[in-house]
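Student: My structure is in target-v9.pdb, and what it holds is PDB, C-alpha atoms:
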```
MODEL        1
ATOM      1  CA  MET A1275     134.819 120.787  71.389
ATOM      2  CA  LYS A1276     133.240 117.818  73.151
ATOM      3  CA  LEU A1277     135.440 118.418  76.190
ATOM      4  CA  LYS A1278     134.358 122.070  76.377
ATOM      5  CA  PHE A1279     130.704 121.066  76.124
ATOM      6  CA  LEU A1280     131.129 118.449  78.855
ATOM      7  CA  THR A1281     132.883 120.959  81.131
ATOM      8  CA  PHE A1282     130.130 123.516  80.539
ATOM      9  CA  SER A1283     127.430 120.922  81.303
ATOM     10  CA  ILE A1284     129.087 119.921  84.565
ATOM     11  CA  LEU A1285     129.426 123.550  85.639
ATOM     12  CA  MET A1286     125.760 124.252  84.887
ATOM     13  CA  PHE A1287     124.719 121.175  86.874
ATOM     14  CA  LEU A1288     126.783 122.283  89.881
ATOM     15  CA  ILE A1289     125.310 125.785  89.746
ATOM     16  CA  LEU A1290     121.744 124.485  89.551
ATOM     17  CA  PHE A1291     122.402 121.939  92.305
ATOM     18  CA  THR A1292     123.919 124.583  94.602
ATOM     19  CA  ASN A1293     121.053 126.988  94.033
ATOM     20  CA  SER A1294     118.448 124.321  94.702
ATOM     21  CA  CYS A1295     120.156 123.429  97.970
ATOM     22  CA  LYS A1296     120.161 127.052  99.065
ATOM     23  CA  ASN A1297     116.435 127.315  98.430
ATOM     24  CA  ASN A1298     115.630 124.346 100.694
ATOM     25  CA  THR A1299     115.628 125.061 104.431
ATOM     26  CA  THR A1300     115.504 121.373 105.249
ATOM     27  CA  PRO A1301     118.147 119.482 103.245
ATOM     28  CA  PHE A1302     118.351 115.869 102.171
ATOM     29  CA  ILE A1303     121.119 113.439 102.973
ATOM     30  CA  ASP A1304     122.296 110.539 100.871
ATOM     31  CA  PHE A1305     123.494 107.697 103.094
ATOM     32  CA  SER A1306     125.235 106.154 100.118
ATOM     33  CA  GLN A1307     127.899 108.794 100.786
ATOM     34  CA  PRO A1308     129.668 107.470 103.924
ATOM     35  CA  SER A1309     131.410 110.756 104.726
ATOM     36  CA  GLU A1310     128.073 112.541 105.163
ATOM     37  CA  PHE A1311     126.787 109.908 107.572
ATOM     38  CA  VAL A1312     129.988 109.671 109.608
ATOM     39  CA  SER A1313     130.194 113.424 110.082
ATOM     40  CA  LEU A1314     126.710 113.444 111.556
ATOM     41  CA  GLN A1315     127.283 110.447 113.817
ATOM     42  CA  ASN A1316     130.579 111.842 115.142
ATOM     43  CA  ASN A1317     128.956 114.951 116.578
ATOM     44  CA  SER A1318     129.621 114.446 120.288
ATOM     45  CA  ASN A1319     126.743 116.651 121.465
ATOM     46  CA  PRO A1320     123.393 114.938 120.750
ATOM     47  CA  ASN A1321     121.571 118.216 121.357
ATOM     48  CA  GLU A1322     123.417 119.849 118.458
ATOM     49  CA  ARG A1323     123.418 116.966 115.984
ATOM     50  CA  PRO A1324     120.755 117.346 113.250
ATOM     51  CA  LEU A1325     117.518 115.447 113.681
ATOM     52  CA  LEU A1326     117.223 112.878 110.899
ATOM     53  CA  ILE A1327     113.655 112.285 109.752
ATOM     54  CA  ALA A1328     112.885 109.464 107.307
ATOM     55  CA  LEU A1329     109.893 108.876 105.079
ATOM     56  CA  ALA A1330     108.765 106.902 102.062
ATOM     57  CA  SER A1331     106.291 109.114 100.254
ATOM     58  CA  VAL A1332     104.120 106.832  98.131
ATOM     59  CA  PHE A1333     101.634 109.397  96.870
ATOM     60  CA  SER A1334     102.883 112.197  94.606
ATOM     61  CA  PRO A1335     106.366 112.101  96.190
ATOM     62  CA  HIS A1336     107.652 115.183  94.351
ATOM     63  CA  GLU A1337     104.719 117.206  95.662
ATOM     64  CA  THR A1338     104.299 115.819  99.166
ATOM     65  CA  ILE A1339     107.987 116.199 100.039
ATOM     66  CA  THR A1340     107.336 119.958 100.106
ATOM     67  CA  TYR A1341     104.803 119.500 102.883
ATOM     68  CA  TYR A1342     107.029 117.128 104.858
ATOM     69  CA  ARG A1343     109.751 119.742 104.557
ATOM     70  CA  GLN A1344     107.441 122.346 106.099
ATOM     71  CA  ILE A1345     106.787 120.006 109.026
ATOM     72  CA  ALA A1346     110.512 119.395 109.429
ATOM     73  CA  ASP A1347     111.182 123.148 109.298
ATOM     74  CA  TYR A1348     108.622 123.676 112.067
ATOM     75  CA  VAL A1349     110.356 121.050 114.224
ATOM     76  CA  SER A1350     113.683 122.749 113.543
ATOM     77  CA  LYS A1351     112.304 126.145 114.553
ATOM     78  CA  LYS A1352     110.891 124.779 117.804
ATOM     79  CA  THR A1353     113.932 122.722 118.809
ATOM     80  CA  GLY A1354     116.659 125.023 117.519
ATOM     81  CA  ARG A1355     118.241 122.028 115.761
ATOM     82  CA  GLN A1356     118.698 121.424 112.075
ATOM     83  CA  THR A1357     116.399 118.781 110.612
ATOM     84  CA  ILE A1358     117.319 116.615 107.649
ATOM     85  CA  LEU A1359     114.763 114.708 105.595
ATOM     86  CA  VAL A1360     115.760 111.287 104.306
ATOM     87  CA  GLN A1361     113.339 110.218 101.589
ATOM     88  CA  ARG A1362     113.265 106.666 100.287
ATOM     89  CA  LYS A1363     111.212 104.958  97.607
ATOM     90  CA  THR A1364     110.094 101.868  99.534
ATOM     91  CA  TYR A1365     108.927 101.058 103.045
ATOM     92  CA  ALA A1366     111.663  98.444 103.392
ATOM     93  CA  GLU A1367     114.345 101.079 102.790
ATOM     94  CA  VAL A1368     112.964 103.286 105.569
ATOM     95  CA  ASN A1369     112.731 100.296 107.915
ATOM     96  CA  MET A1370     116.358  99.524 107.120
ATOM     97  CA  LEU A1371     117.373 103.057 108.112
ATOM     98  CA  LEU A1372     115.602 102.535 111.432
ATOM     99  CA  ALA A1373     117.114  99.082 111.891
ATOM    100  CA  ASN A1374     120.609 100.493 111.375
ATOM    101  CA  GLY A1375     119.967 103.368 113.773
ATOM    102  CA  ASP A1376     120.597 105.841 110.948
ATOM    103  CA  VAL A1377     117.583 108.093 111.654
ATOM    104  CA  ASP A1378     115.871 109.493 114.740
ATOM    105  CA  ILE A1379     112.262 109.784 113.587
ATOM    106  CA  ALA A1380     110.294 108.201 110.745
ATOM    107  CA  PHE A1381     106.895 108.612 109.154
ATOM    108  CA  LEU A1382     105.801 105.001 108.645
ATOM    109  CA  SER A1383     102.867 103.390 106.919
ATOM    110  CA  THR A1384     100.624 101.050 108.895
ATOM    111  CA  GLY A1385     102.260  98.037 107.296
ATOM    112  CA  ALA A1386     105.818  99.311 107.604
ATOM    113  CA  TYR A1387     105.374  99.771 111.359
ATOM    114  CA  SER A1388     103.528  96.478 111.832
ATOM    115  CA  SER A1389     106.271  94.624 109.968
ATOM    116  CA  TYR A1390     109.253  96.284 111.658
ATOM    117  CA  ARG A1391     111.526  93.850 113.530
ATOM    118  CA  GLY A1392     114.854  95.687 113.395
ATOM    119  CA  MET A1393     117.561  95.332 116.037
ATOM    120  CA  ASN A1394     117.391  99.067 116.780
ATOM    121  CA  GLU A1395     114.284  99.460 118.921
ATOM    122  CA  ILE A1396     111.671 102.046 118.032
ATOM    123  CA  GLU A1397     108.534 103.182 119.781
ATOM    124  CA  LEU A1398     105.214 104.587 118.688
ATOM    125  CA  PHE A1399     105.504 108.344 118.941
ATOM    126  CA  VAL A1400     102.271 109.850 117.609
ATOM    127  CA  MET A1401      99.446 108.837 115.269
ATOM    128  CA  ALA A1402      97.903 110.878 112.483
ATOM    129  CA  GLU A1403      94.251 111.881 112.762
ATOM    130  CA  HIS A1404      92.011 112.985 109.897
ATOM    131  CA  GLY A1405      88.342 113.835 110.098
ATOM    132  CA  GLY A1406      88.337 113.055 113.807
ATOM    133  CA  ASN A1407      89.530 109.508 113.177
ATOM    134  CA  SER A1408      92.834 107.649 113.408
ATOM    135  CA  LEU A1409      91.548 104.752 111.313
ATOM    136  CA  TYR A1410      91.260 104.228 107.573
ATOM    137  CA  THR A1411      89.626 101.647 105.320
ATOM    138  CA  PRO A1412      91.586  99.538 102.799
ATOM    139  CA  GLU A1413      89.718  99.563  99.502
ATOM    140  CA  ILE A1414      89.801  97.532  96.291
ATOM    141  CA  ILE A1415      89.281  99.491  93.083
ATOM    142  CA  VAL A1416      88.629  98.685  89.418
ATOM    143  CA  HIS A1417      87.929 100.798  86.344
ATOM    144  CA  LYS A1418      84.498 102.415  86.467
ATOM    145  CA  ASP A1419      83.462 100.700  83.213
ATOM    146  CA  SER A1420      84.750  97.297  84.259
ATOM    147  CA  ASP A1421      82.457  94.292  84.522
ATOM    148  CA  ILE A1422      84.269  93.353  87.750
ATOM    149  CA  HIS A1423      81.986  93.835  90.752
ATOM    150  CA  THR A1424      83.423  91.598  93.460
ATOM    151  CA  ILE A1425      86.860  90.411  94.517
ATOM    152  CA  SER A1426      85.979  86.972  93.129
ATOM    153  CA  ASP A1427      85.638  88.571  89.690
ATOM    154  CA  LEU A1428      89.322  89.514  89.882
ATOM    155  CA  GLN A1429      90.393  85.896  89.552
ATOM    156  CA  ASP A1430      92.702  85.422  86.554
ATOM    157  CA  LYS A1431      92.944  89.190  86.167
ATOM    158  CA  VAL A1432      95.914  91.569  86.494
ATOM    159  CA  PHE A1433      96.329  93.269  89.872
ATOM    160  CA  ALA A1434      98.510  96.147  91.103
ATOM    161  CA  PHE A1435      99.969  96.139  94.609
ATOM    162  CA  THR A1436     101.627  99.236  96.043
ATOM    163  CA  ASP A1437     104.529  97.993  98.176
ATOM    164  CA  PRO A1438     105.399  94.549  99.605
ATOM    165  CA  LEU A1439     105.194  95.876 103.183
ATOM    166  CA  SER A1440     102.066  97.966 102.652
ATOM    167  CA  TYR A1441      98.964  96.789 104.483
ATOM    168  CA  SER A1442      96.285  98.449 102.355
ATOM    169  CA  GLY A1443      98.400  98.157  99.220
ATOM    170  CA  HIS A1444      99.315  94.485  99.598
ATOM    171  CA  MET A1445      98.837  92.572 102.824
ATOM    172  CA  VAL A1446      95.078  93.085 103.123
ATOM    173  CA  MET A1447      94.517  91.323  99.795
ATOM    174  CA  GLU A1448      97.036  88.594 100.533
ATOM    175  CA  GLU A1449      95.325  87.869 103.862
ATOM    176  CA  TYR A1450      91.900  87.893 102.190
ATOM    177  CA  LEU A1451      93.098  85.277  99.721
ATOM    178  CA  ARG A1452      94.878  83.225 102.403
ATOM    179  CA  GLN A1453      91.622  82.906 104.323
ATOM    180  CA  ARG A1454      90.164  81.395 101.171
ATOM    181  CA  SER A1455      93.009  78.903 100.784
ATOM    182  CA  THR A1456      94.735  80.640  97.907
ATOM    183  CA  ASP A1457      97.357  83.326  97.269
ATOM    184  CA  PRO A1458      98.167  86.035  94.686
ATOM    185  CA  GLU A1459     100.293  83.656  92.563
ATOM    186  CA  LYS A1460      97.372  81.275  92.116
ATOM    187  CA  PHE A1461      94.505  83.737  92.113
ATOM    188  CA  PHE A1462      95.703  86.448  89.730
ATOM    189  CA  LYS A1463      96.812  86.047  86.145
ATOM    190  CA  ARG A1464      99.626  88.464  86.991
ATOM    191  CA  TYR A1465     100.437  91.078  89.618
ATOM    192  CA  PHE A1466     103.050  93.797  90.010
ATOM    193  CA  TYR A1467     104.111  96.571  92.404
ATOM    194  CA  THR A1468     103.727 100.249  91.571
ATOM    195  CA  TYR A1469     105.472 101.632  94.702
ATOM    196  CA  SER A1470     103.107 104.595  94.553
ATOM    197  CA  HIS A1471      99.406 104.962  95.338
ATOM    198  CA  ASP A1472      98.913 107.499  92.571
ATOM    199  CA  LYS A1473     100.530 105.110  90.083
ATOM    200  CA  SER A1474      98.109 102.416  91.224
ATOM    201  CA  ILE A1475      95.189 104.755  90.560
ATOM    202  CA  TRP A1476      96.664 105.667  87.180
ATOM    203  CA  ALA A1477      97.154 101.991  86.298
ATOM    204  CA  VAL A1478      93.493 101.220  87.010
ATOM    205  CA  ALA A1479      92.190 104.412  85.368
ATOM    206  CA  THR A1480      94.141 103.696  82.171
ATOM    207  CA  LYS A1481      93.332  99.950  82.254
ATOM    208  CA  VAL A1482      96.963  98.879  82.606
ATOM    209  CA  THR A1483      95.671  96.698  85.430
ATOM    210  CA  ASP A1484      92.242  95.330  86.255
ATOM    211  CA  GLY A1485      92.369  96.162  89.941
ATOM    212  CA  ALA A1486      94.395  97.625  92.789
ATOM    213  CA  SER A1487      94.167  98.239  96.503
ATOM    214  CA  PHE A1488      94.914 101.283  98.627
ATOM    215  CA  ASP A1489      93.502 103.171 101.608
ATOM    216  CA  SER A1490      90.404 105.339 101.808
ATOM    217  CA  GLN A1491      92.313 108.460 102.792
ATOM    218  CA  ILE A1492      94.455 108.231  99.658
ATOM    219  CA  TYR A1493      91.302 107.927  97.574
ATOM    220  CA  GLU A1494      89.839 111.070  99.163
ATOM    221  CA  TYR A1495      93.119 112.864  98.508
ATOM    222  CA  ALA A1496      93.161 111.656  94.895
ATOM    223  CA  LYS A1497      89.660 113.005  94.287
ATOM    224  CA  ILE A1498      91.003 116.454  95.102
ATOM    225  CA  LYS A1499      94.451 116.265  93.485
ATOM    226  CA  THR A1500      93.740 114.102  90.428
ATOM    227  CA  PRO A1501      89.951 114.165  89.977
ATOM    228  CA  GLU A1502      90.211 113.124  86.330
ATOM    229  CA  LEU A1503      91.819 109.829  87.375
ATOM    230  CA  ALA A1504      89.754 109.276  90.516
ATOM    231  CA  ALA A1505      86.589 109.642  88.423
ATOM    232  CA  LYS A1506      87.653 106.657  86.318
ATOM    233  CA  VAL A1507      87.881 104.160  89.172
ATOM    234  CA  ARG A1508      85.236 102.422  91.251
ATOM    235  CA  ILE A1509      85.402 100.813  94.693
ATOM    236  CA  ILE A1510      84.229  97.191  94.732
ATOM    237  CA  ALA A1511      85.180  96.241  98.297
ATOM    238  CA  SER A1512      85.995  97.916 101.587
ATOM    239  CA  MET A1513      87.939  95.952 104.185
ATOM    240  CA  PRO A1514      87.840  96.344 108.003
ATOM    241  CA  SER A1515      89.346  99.608 109.239
ATOM    242  CA  VAL A1516      92.903  99.725 110.587
ATOM    243  CA  PRO A1517      95.008 102.409 112.327
ATOM    244  CA  THR A1518      96.757 105.111 110.334
ATOM    245  CA  GLY A1519     100.479 105.010 109.747
ATOM    246  CA  PRO A1520     102.291 106.310 112.840
ATOM    247  CA  VAL A1521     105.312 108.476 113.441
ATOM    248  CA  VAL A1522     107.968 106.471 115.323
ATOM    249  CA  ILE A1523     111.078 107.492 117.239
ATOM    250  CA  SER A1524     114.279 105.740 118.184
ATOM    251  CA  LYS A1525     114.296 104.420 121.756
ATOM    252  CA  ARG A1526     117.889 105.573 122.053
ATOM    253  CA  MET A1527     116.807 109.211 122.217
ATOM    254  CA  ASN A1528     116.784 110.543 125.762
ATOM    255  CA  THR A1529     113.473 111.089 127.534
ATOM    256  CA  GLN A1530     113.728 114.884 127.704
ATOM    257  CA  GLN A1531     114.297 115.236 123.953
ATOM    258  CA  LYS A1532     111.562 112.734 123.244
ATOM    259  CA  GLU A1533     108.974 114.579 125.310
ATOM    260  CA  GLN A1534     109.951 117.917 123.775
ATOM    261  CA  LEU A1535     109.452 116.480 120.296
ATOM    262  CA  ARG A1536     106.187 114.801 121.251
ATOM    263  CA  HIS A1537     104.807 118.123 122.485
ATOM    264  CA  ILE A1538     105.881 119.762 119.232
ATOM    265  CA  PHE A1539     104.091 117.145 117.129
ATOM    266  CA  LEU A1540     100.951 117.161 119.269
ATOM    267  CA  THR A1541     100.594 120.944 119.012
ATOM    268  CA  MET A1542     101.934 121.722 115.520
ATOM    269  CA  ASN A1543      98.388 121.898 114.148
ATOM    270  CA  GLU A1544      98.022 125.137 116.151
ATOM    271  CA  ASP A1545     100.401 126.813 113.696
ATOM    272  CA  PRO A1546      98.313 127.829 110.613
ATOM    273  CA  ASP A1547     101.094 127.354 108.052
ATOM    274  CA  THR A1548     102.125 123.954 109.411
ATOM    275  CA  LEU A1549      98.494 122.869 109.645
ATOM    276  CA  ALA A1550      98.030 123.698 105.962
ATOM    277  CA  ALA A1551     101.016 121.494 105.097
ATOM    278  CA  MET A1552      99.688 118.666 107.290
ATOM    279  CA  GLN A1553      96.278 118.777 105.628
ATOM    280  CA  HIS A1554      97.914 118.346 102.239
ATOM    281  CA  LEU A1555      99.180 115.049 103.695
ATOM    282  CA  VAL A1556      95.652 114.107 104.878
ATOM    283  CA  ILE A1557      96.537 114.889 108.504
ATOM    284  CA  ASP A1558      94.459 117.237 110.676
ATOM    285  CA  LYS A1559      96.571 116.713 113.784
ATOM    286  CA  PHE A1560      98.800 114.244 115.584
ATOM    287  CA  VAL A1561      97.496 112.436 118.663
ATOM    288  CA  PHE A1562      98.843 110.080 121.318
ATOM    289  CA  PRO A1563      99.261 106.573 119.850
ATOM    290  CA  THR A1564      97.140 103.546 120.707
ATOM    291  CA  PRO A1565      99.586 100.600 120.507
ATOM    292  CA  GLU A1566      96.942  97.887 120.899
ATOM    293  CA  LEU A1567      95.364  98.874 117.579
ATOM    294  CA  TYR A1568      98.460  97.596 115.773
ATOM    295  CA  GLU A1569      98.816  94.286 117.619
ATOM    296  CA  PRO A1570      96.546  92.214 115.301
ATOM    297  CA  LEU A1571      98.500  93.546 112.326
ATOM    298  CA  ARG A1572     101.865  92.795 113.921
ATOM    299  CA  LYS A1573     100.702  89.211 114.495
ATOM    300  CA  LEU A1574      99.613  89.037 110.857
ATOM    301  CA  TYR A1575     103.049  90.089 109.626
ATOM    302  CA  ASP A1576     104.675  87.659 112.040
ATOM    303  CA  ARG A1577     102.607  84.837 110.601
ATOM    304  CA  THR A1578     103.469  85.694 107.030
ATOM    305  CA  ASN A1579     107.136  86.496 107.792
ATOM    306  CA  THR A1580     106.742  89.698 105.797
ATOM    307  CA  PHE A1581     108.831  92.100 107.798
ATOM    308  CA  LEU A1582     112.147  93.888 108.189
TER
ENDMDL
END
```
Starting from the file, give its structure as structure tokens.
Tutor:
Amino acid sequence: MKLKFLTFSILMFLILFTNSCKNNTTPFIDFSQPSEFVSLQNNSNPNERPLLIALASVFSPHETITYYRQIADYVSKKTGRQTILVQRKTYAEVNMLLANGDVDIAFLSTGAYSSYRGMNEIELFVMAEHGGNSLYTPEIIVHKDSDIHTISDLQDKVFAFTDPLSYSGHMVMEEYLRQRSTDPEKFFKRYFYTYSHDKSIWAVATKVTDGASFDSQIYEYAKIKTPELAAKVRIIASMPSVPTGPVVISKRMNTQQKEQLRHIFLTMNEDPDTLAAMQHLVIDKFVFPTPELYEPLRKLYDRTNTFL
């Protein structure tokens, strides 16, 4: 009886899995399965091989992946090549994919790009723009009813970081403390990583933690998507603005392909459906990158040896 039940369960899983795959135009790939990766790499014609696009979605990943898929589908339609999304949980995992040369394009956070030192060279491809600006403001939040009003009040409190490589969700606070001759281990009673901006908001809103840090664009997004949580937090400090997370591309890609893809990204906001998907990701359009904006941050990560 148990064997029959197990067999039935496996069959149902396979049916559901197959159906879900058929419903997704842009598939995923699991690089833990070597055969999948090798089959892609062995395609002798680079113009026919699928474009591999990596991302680490750290705000509502189950929802935002839908919008990244729409962007990937648009790229596929314009290039005539299949696109495959490779989603990872952390910034370090995406940087590792780039370092190994496993993906062609990646949506990176500001910190993930600034910290990247992989052997496989990448280049800034495009930057995201929102509200006519390619900058955002790292912000420190606490519960709205908290008696914490300054960063100094967070001493001996519990703090939530987002990701070790995140600038707004980690490095900005670490640098702030370093300039005051201390560090998170000494300053906070305890700290932890949520690996998701929405989890950081939830942790502050439900008083699991006393404070957290993230970027201003995420906060604006949260006020629309989770207003009940956003209403329970309060900003106590805004740090100097920094550039948005860029899209990067492998330097190994030939110039003709690179320029075709750049044109696609720079003009995809002209397609109404793709624009709607972009705006769900707090992106109005992609613009040419400004490399010098990231240089101070790259020096910061070099100094702290926080990179991959």
Student: Which residues, named as in the file, does the PyMOL selection byres ((chain A and resi 1462) around 6) pick out? Answer as JSON, numbers by chain.
Tutor: {"A": [1429, 1430, 1431, 1458, 1460, 1461, 1463, 1464]}
Student: Name the closest residue to A:Lys1573 among the candidates A:Glu1397, A:Glu1449, A:Asp1484, A:Glu1459; distances are taken between atoms, counting only C-alpha atoms.
Tutor: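 For A:Lys1573, the nearest of the given residues is A:Glu1449.
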Student: Between A:Met1401, A:Ala1511, A:Val1478, A:Ala1366, which one has atoms that come closest to A:Met1447, using all atoms listed in the file?
Tutor: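 Going through A:Met1401, A:Ala1511, A:Val1478, A:Ala1366 one by one, the smallest distance to A:Met1447 is for A:Ala1511.
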Student: Rank nothing, just name the residue among A:Thr1518, A:Thr1548, A:Gln1553, A:Asn1394 nearest to A:Gln1344, using only C-alpha atoms.
Tutor: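 Closest to A:Gln1344, using only C-alpha atoms: A:Thr1548.
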Student: Applied to this file, what does the PyMOL selection byres ((chain A and resi 1465-1474) around 6) return in terms of residues, put as an mmCIF file with C-alpha atoms, in the coordinates of the input?
Tutor:
```cif
data_model
loop_
_atom_site.group_PDB
_atom_site.id
_atom_site.type_symbol
_atom_site.label_atom_id
_atom_site.label_comp_id
_atom_site.auth_asym_id
_atom_site.auth_seq_id
_atom_site.Cartn_x
_atom_site.Cartn_y
_atom_site.Cartn_z
ATOM 1 C CA VAL A 1332 104.120 106.832 98.131
ATOM 2 C CA PHE A 1333 101.634 109.397 96.870
ATOM 3 C CA VAL A 1432 95.914 91.569 86.494
ATOM 4 C CA PHE A 1433 96.329 93.269 89.872
ATOM 5 C CA ALA A 1434 98.510 96.147 91.103
ATOM 6 C CA PHE A 1435 99.969 96.139 94.609
ATOM 7 C CA THR A 1436 101.627 99.236 96.043
ATOM 8 C CA ASP A 1437 104.529 97.993 98.176
ATOM 9 C CA ARG A 1464 99.626 88.464 86.991
ATOM 10 C CA ILE A 1475 95.189 104.755 90.560
ATOM 11 C CA TRP A 1476 96.664 105.667 87.180
ATOM 12 C CA ALA A 1477 97.154 101.991 86.298
#
```
Student: Report the residues retrieved by the PyMOL selection byres ((chain A and resi 1521) around 6) from the displayed file, expressed as a list of chain:residue names.
Tutor: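 Those residues are A:Ala1380, A:Phe1381, A:Leu1382, A:Phe1399, A:Val1400, A:Pro1520, A:Val1522.
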Student: Produce a table with one row for each residue of stretch 1427-1491 of chain A that has an atom at most 12 Å from any atom of stretch 1554-1571 of chain A, each row naming the nearest atom pair and its distance in Å at one decimal; use only C-alpha atoms; arrange rows by chain and rising residue number; format as a Markdown table.
Tutor:
```
| residue | atom | partner | partner_atom | distance |
| --- | --- | --- | --- | --- |
| A:Leu1439 | CA | A:Leu1571 | CA | 11.6 |
| A:Ser1440 | CA | A:Leu1571 | CA | 11.2 |
| A:Tyr1441 | CA | A:Leu1571 | CA | 8.5 |
| A:Ser1442 | CA | A:Leu1571 | CA | 11.3 |
| A:Met1445 | CA | A:Leu1571 | CA | 9.6 |
| A:Val1446 | CA | A:Leu1571 | CA | 9.8 |
| A:Glu1449 | CA | A:Leu1571 | CA | 10.7 |
| A:Asp1489 | CA | A:Val1556 | CA | 11.6 |
| A:Ser1490 | CA | A:Val1556 | CA | 10.7 |
| A:Gln1491 | CA | A:Val1556 | CA | 6.9 |
```
Student: With distances taken over only C-alpha atoms, which of A:Val1349, A:Ala1479, A:Ile1498, A:Ile1509 is nearest to A:Thr1424?
Tutor: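 Answer, going by the shortest atom-to-atom distance: A:Ile1509.
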